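With mmCIF, C-alpha atoms and all ligand atoms inside, this is model.cif:
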```cif
data_entry
#
loop_
_atom_site.label_atom_id
_atom_site.label_comp_id
_atom_site.auth_asym_id
_atom_site.auth_seq_id
_atom_site.Cartn_x
_atom_site.Cartn_y
_atom_site.Cartn_z
CA MET A 1 -7.88 -8.14 -14.50
CA THR A 2 -11.32 -8.41 -12.87
CA CYS A 3 -12.35 -7.73 -9.29
CA PHE A 4 -12.17 -10.72 -6.97
CA PHE A 5 -15.35 -9.59 -5.20
CA CYS A 6 -17.75 -8.27 -7.80
CA LYS A 7 -16.06 -9.12 -11.13
CA GLY A 8 -15.91 -5.44 -12.05
CA SER A 9 -12.92 -4.16 -13.97
CA MET A 10 -9.78 -3.12 -12.10
CA VAL A 11 -8.14 0.12 -13.15
CA GLU A 12 -4.71 1.45 -12.23
CA SER A 13 -4.82 4.00 -9.45
CA THR A 14 -2.88 5.21 -6.42
CA THR A 15 -3.81 5.08 -2.77
CA ILE A 16 -2.60 6.03 0.69
CA HIS A 17 -1.46 2.91 2.53
CA THR A 18 -1.49 3.22 6.32
CA VAL A 19 0.04 0.64 8.65
CA GLU A 20 -0.19 0.66 12.42
CA LEU A 21 2.78 -0.92 14.11
CA LYS A 22 3.41 -1.39 17.81
CA ASN A 23 5.31 1.85 18.24
CA CYS A 24 4.65 3.79 15.09
CA ILE A 25 2.30 4.56 12.26
CA VAL A 26 3.57 4.42 8.71
CA VAL A 27 1.73 6.37 6.02
CA ILE A 28 2.78 5.63 2.46
CA LYS A 29 1.44 8.09 -0.07
CA ASN A 30 0.95 7.49 -3.80
CA ALA A 31 1.18 3.70 -3.56
CA PRO A 32 0.22 2.23 -6.94
CA CYS A 33 -2.77 -0.06 -6.74
CA LEU A 34 -5.53 -1.57 -8.83
CA LYS A 35 -8.95 -0.25 -7.96
CA CYS A 36 -12.29 -1.76 -8.90
CA ASP A 37 -14.39 0.82 -10.74
CA GLN A 38 -17.53 -0.89 -9.47
CA CYS A 39 -17.07 -1.54 -5.73
CA GLY A 40 -13.91 0.49 -5.07
CA LYS A 41 -11.91 -2.44 -3.65
CA GLU A 42 -8.18 -1.79 -3.88
CA THR A 43 -5.50 -4.42 -4.33
CA PHE A 44 -1.72 -4.28 -4.59
CA THR A 45 0.37 -6.30 -6.98
CA PHE A 46 2.93 -8.69 -5.52
CA GLU A 47 5.80 -6.32 -6.42
CA VAL A 48 4.14 -3.37 -4.73
CA THR A 49 3.37 -5.44 -1.62
CA GLN A 50 7.02 -6.41 -1.32
CA ARG A 51 8.18 -2.84 -1.75
CA LEU A 52 5.68 -1.60 0.84
CA GLU A 53 7.06 -4.16 3.30
CA LYS A 54 10.59 -2.91 2.69
CA ILE A 55 9.54 0.69 3.25
CA ILE A 56 7.78 -0.32 6.48
CA ASP A 57 10.90 -2.17 7.67
CA LYS A 58 12.97 0.96 7.11
CA CYS A 59 10.51 3.02 9.10
CA LYS A 60 10.69 0.56 12.00
CA GLU A 61 14.43 1.18 12.18
CA ALA A 62 13.95 4.94 12.09
CA LEU A 63 11.99 4.75 15.36
CA ALA A 64 9.73 7.62 14.43
CA GLU A 65 6.26 7.74 15.92
CA ILE A 66 4.71 8.70 12.64
CA ALA A 67 6.46 8.19 9.35
CA VAL A 68 5.03 9.67 6.16
CA VAL A 69 6.70 8.34 3.05
CA ASN A 70 6.06 8.98 -0.62
CA TYR A 71 6.09 5.62 -2.40
CA SER A 72 7.88 6.91 -5.50
CA ALA A 73 10.56 8.66 -3.43
CA ALA A 74 11.20 5.82 -0.96
ZN ZN B 1 -15.32 -4.89 -7.28
#
```

Written form, structure tokens:
Amino acid sequence: MTCFFCKGSMVESTTIHTVELKNCIVVIKNAPCLKCDQCGKETFTFEVTQRLEKIIDKCKEALAEIAVVNYSAA
């Protein structure tokens, strides 16, 4: 896979994904991503995006102000 922006090569990595919602902030640690080794742009696969959305939905129900979740444990 090549980078959409600079055509560099994408390597497997992990990142911290932070989402700001109306009433809470969700921080998802160790989210698997593909990172460009040239410009540093990170992208998620479709599967990971879907799973992140599910984790975020769960956090909305928990009504915590700040939720810190480990991707692999969620
Ligand atoms: Zn790039």

For a quick check of understanding, using only C-alpha atoms, which of A:Ile25, A:Ala31, A:Val68, A:Cys6 has the smallest distance to Leu52 of chain A?
A:Ala31

Taking only C-alpha atoms and all ligand atoms into account, produce a table as a Markdown table in which each residue of chain A with an atom at most 9 Å from an atom of ligand ZN 1 (chain B) appears once, together with its shortest atom pair and the distance in Å to one decimal, ordered by chain and rising number.
```
| residue | atom | partner | partner_atom | distance |
| --- | --- | --- | --- | --- |
| A:Thr2 | CA | B:ZN1 | ZN | 7.7 |
| A:Cys3 | CA | B:ZN1 | ZN | 4.6 |
| A:Phe4 | CA | B:ZN1 | ZN | 6.6 |
| A:Phe5 | CA | B:ZN1 | ZN | 5.1 |
| A:Cys6 | CA | B:ZN1 | ZN | 4.2 |
| A:Lys7 | CA | B:ZN1 | ZN | 5.8 |
| A:Gly8 | CA | B:ZN1 | ZN | 4.8 |
| A:Ser9 | CA | B:ZN1 | ZN | 7.1 |
| A:Met10 | CA | B:ZN1 | ZN | 7.6 |
| A:Lys35 | CA | B:ZN1 | ZN | 7.9 |
| A:Cys36 | CA | B:ZN1 | ZN | 4.6 |
| A:Asp37 | CA | B:ZN1 | ZN | 6.7 |
| A:Gln38 | CA | B:ZN1 | ZN | 5.1 |
| A:Cys39 | CA | B:ZN1 | ZN | 4.1 |
| A:Gly40 | CA | B:ZN1 | ZN | 6.0 |
| A:Lys41 | CA | B:ZN1 | ZN | 5.6 |
| A:Glu42 | CA | B:ZN1 | ZN | 8.5 |
```

Nearest candidate to Leu63 of chain A (options A:Ile28, A:Thr15, A:Gln50, A:Asn23; using all atoms listed in the file):
A:Asn23

Excluding segment 70-73 of chain A and residues on its chain fewer than 4 positions from it, collect all residues at most 10 Å away from it, counting all atoms listed in the file, and give them as a short mmCIF file (atom, residue, chain, number, x, y, z; two decimals) with C-alpha atoms, keeping the file's coordinate frame.
```cif
data_model
loop_
_atom_site.label_atom_id
_atom_site.label_comp_id
_atom_site.auth_asym_id
_atom_site.auth_seq_id
_atom_site.Cartn_x
_atom_site.Cartn_y
_atom_site.Cartn_z
CA THR A 14 -2.88 5.21 -6.42
CA THR A 15 -3.81 5.08 -2.77
CA ILE A 16 -2.60 6.03 0.69
CA HIS A 17 -1.46 2.91 2.53
CA VAL A 27 1.73 6.37 6.02
CA ILE A 28 2.78 5.63 2.46
CA LYS A 29 1.44 8.09 -0.07
CA ASN A 30 0.95 7.49 -3.80
CA ALA A 31 1.18 3.70 -3.56
CA PRO A 32 0.22 2.23 -6.94
CA VAL A 48 4.14 -3.37 -4.73
CA ARG A 51 8.18 -2.84 -1.75
CA LEU A 52 5.68 -1.60 0.84
CA ILE A 55 9.54 0.69 3.25
#
```

Given all atoms listed in the file as the counted atoms, nearest of A:Val11, A:Leu34, A:Met1, A:Val26 to Val69 of chain A
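The answer is A:Val26, which sits nearest to Val69 of chain A.
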
Give me, please, the distance in Å between atom CA of Ala64 of chain A and atom CA of Leu21 of chain A, quoted to one decimal.
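The value is 11.0 Å.
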
Go ahead and compute the interatomic distance for atom CA of Ala74 of chain A and atom CA of Val19 of chain A, in Å to one decimal.
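Computing the Euclidean distance for atom CA of Ala74 of chain A and atom CA of Val19 of chain A yields 15.6 Å.
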
Quick one: pull the distance between atom CA of Thr49 of chain A and atom CA of Cys24 of chain A, Å, one decimal.
19.1 Å

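Closest approach to Thr45 of chain A from the set A:Ser13, A:Lys22, A:Ala67, A:Cys59 is made by A:Ser13, with distances taken over only C-alpha atoms.
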
Generate the missing atoms of segment 39-64 of chain A up to N, CA and C atoms and report them as an mmCIF file, in the coordinates of the input.
```cif
data_model
loop_
_atom_site.group_PDB
_atom_site.id
_atom_site.type_symbol
_atom_site.label_atom_id
_atom_site.label_comp_id
_atom_site.auth_asym_id
_atom_site.auth_seq_id
_atom_site.Cartn_x
_atom_site.Cartn_y
_atom_site.Cartn_z
ATOM 1 N N CYS A 39 -16.885 -1.524 -7.189
ATOM 2 C CA CYS A 39 -17.070 -1.540 -5.730
ATOM 3 C C CYS A 39 -15.977 -0.776 -4.985
ATOM 4 N N GLY A 40 -14.935 -0.327 -5.695
ATOM 5 C CA GLY A 40 -13.910 0.490 -5.070
ATOM 6 C C GLY A 40 -12.851 -0.275 -4.296
ATOM 7 N N LYS A 41 -12.900 -1.606 -4.343
ATOM 8 C CA LYS A 41 -11.910 -2.440 -3.650
ATOM 9 C C LYS A 41 -10.532 -2.226 -4.271
ATOM 10 N N GLU A 42 -9.538 -2.024 -3.394
ATOM 11 C CA GLU A 42 -8.180 -1.790 -3.880
ATOM 12 C C GLU A 42 -7.298 -2.988 -3.595
ATOM 13 N N THR A 43 -6.467 -3.346 -4.565
ATOM 14 C CA THR A 43 -5.500 -4.420 -4.330
ATOM 15 C C THR A 43 -4.130 -3.985 -4.819
ATOM 16 N N PHE A 44 -3.095 -4.547 -4.186
ATOM 17 C CA PHE A 44 -1.720 -4.280 -4.590
ATOM 18 C C PHE A 44 -1.184 -5.474 -5.349
ATOM 19 N N THR A 45 -0.313 -5.195 -6.310
ATOM 20 C CA THR A 45 0.370 -6.300 -6.980
ATOM 21 C C THR A 45 1.419 -6.865 -6.021
ATOM 22 N N PHE A 46 1.924 -8.033 -6.353
ATOM 23 C CA PHE A 46 2.930 -8.690 -5.520
ATOM 24 C C PHE A 46 4.167 -7.804 -5.355
ATOM 25 N N GLU A 47 4.609 -7.180 -6.450
ATOM 26 C CA GLU A 47 5.800 -6.320 -6.420
ATOM 27 C C GLU A 47 5.596 -5.142 -5.477
ATOM 28 N N VAL A 48 4.423 -4.530 -5.581
ATOM 29 C CA VAL A 48 4.140 -3.370 -4.730
ATOM 30 C C VAL A 48 4.069 -3.781 -3.267
ATOM 31 N N THR A 49 3.457 -4.928 -2.992
ATOM 32 C CA THR A 49 3.370 -5.440 -1.620
ATOM 33 C C THR A 49 4.753 -5.619 -1.018
ATOM 34 N N GLN A 50 5.658 -6.189 -1.807
ATOM 35 C CA GLN A 50 7.020 -6.410 -1.320
ATOM 36 C C GLN A 50 7.731 -5.098 -1.029
ATOM 37 N N ARG A 51 7.535 -4.128 -1.931
ATOM 38 C CA ARG A 51 8.180 -2.840 -1.750
ATOM 39 C C ARG A 51 7.612 -2.110 -0.526
ATOM 40 N N LEU A 52 6.313 -2.222 -0.329
ATOM 41 C CA LEU A 52 5.680 -1.600 0.840
ATOM 42 C C LEU A 52 6.275 -2.192 2.118
ATOM 43 N N GLU A 53 6.481 -3.501 2.124
ATOM 44 C CA GLU A 53 7.060 -4.160 3.300
ATOM 45 C C GLU A 53 8.463 -3.647 3.586
ATOM 46 N N LYS A 54 9.234 -3.432 2.520
ATOM 47 C CA LYS A 54 10.590 -2.910 2.690
ATOM 48 C C LYS A 54 10.574 -1.496 3.265
ATOM 49 N N ILE A 55 9.663 -0.678 2.750
ATOM 50 C CA ILE A 55 9.540 0.690 3.250
ATOM 51 C C ILE A 55 9.153 0.671 4.728
ATOM 52 N N ILE A 56 8.233 -0.212 5.093
ATOM 53 C CA ILE A 56 7.780 -0.320 6.480
ATOM 54 C C ILE A 56 8.936 -0.768 7.389
ATOM 55 N N ASP A 57 9.733 -1.717 6.900
ATOM 56 C CA ASP A 57 10.900 -2.170 7.670
ATOM 57 C C ASP A 57 11.853 -1.026 7.959
ATOM 58 N N LYS A 58 12.074 -0.187 6.952
ATOM 59 C CA LYS A 58 12.970 0.960 7.110
ATOM 60 C C LYS A 58 12.432 1.915 8.162
ATOM 61 N N CYS A 59 11.125 2.105 8.153
ATOM 62 C CA CYS A 59 10.510 3.020 9.100
ATOM 63 C C CYS A 59 10.601 2.490 10.521
ATOM 64 N N LYS A 60 10.533 1.180 10.683
ATOM 65 C CA LYS A 60 10.690 0.560 12.000
ATOM 66 C C LYS A 60 12.051 0.914 12.589
ATOM 67 N N GLU A 61 13.075 0.869 11.723
ATOM 68 C CA GLU A 61 14.430 1.180 12.180
ATOM 69 C C GLU A 61 14.579 2.647 12.535
ATOM 70 N N ALA A 62 13.840 3.492 11.864
ATOM 71 C CA ALA A 62 13.950 4.940 12.090
ATOM 72 C C ALA A 62 13.387 5.359 13.440
ATOM 73 N N LEU A 63 12.559 4.516 14.042
ATOM 74 C CA LEU A 63 11.990 4.750 15.360
ATOM 75 C C LEU A 63 11.208 6.063 15.474
ATOM 76 N N ALA A 64 10.592 6.443 14.386
ATOM 77 C CA ALA A 64 9.730 7.620 14.430
ATOM 78 C C ALA A 64 8.329 7.195 14.846
#
```
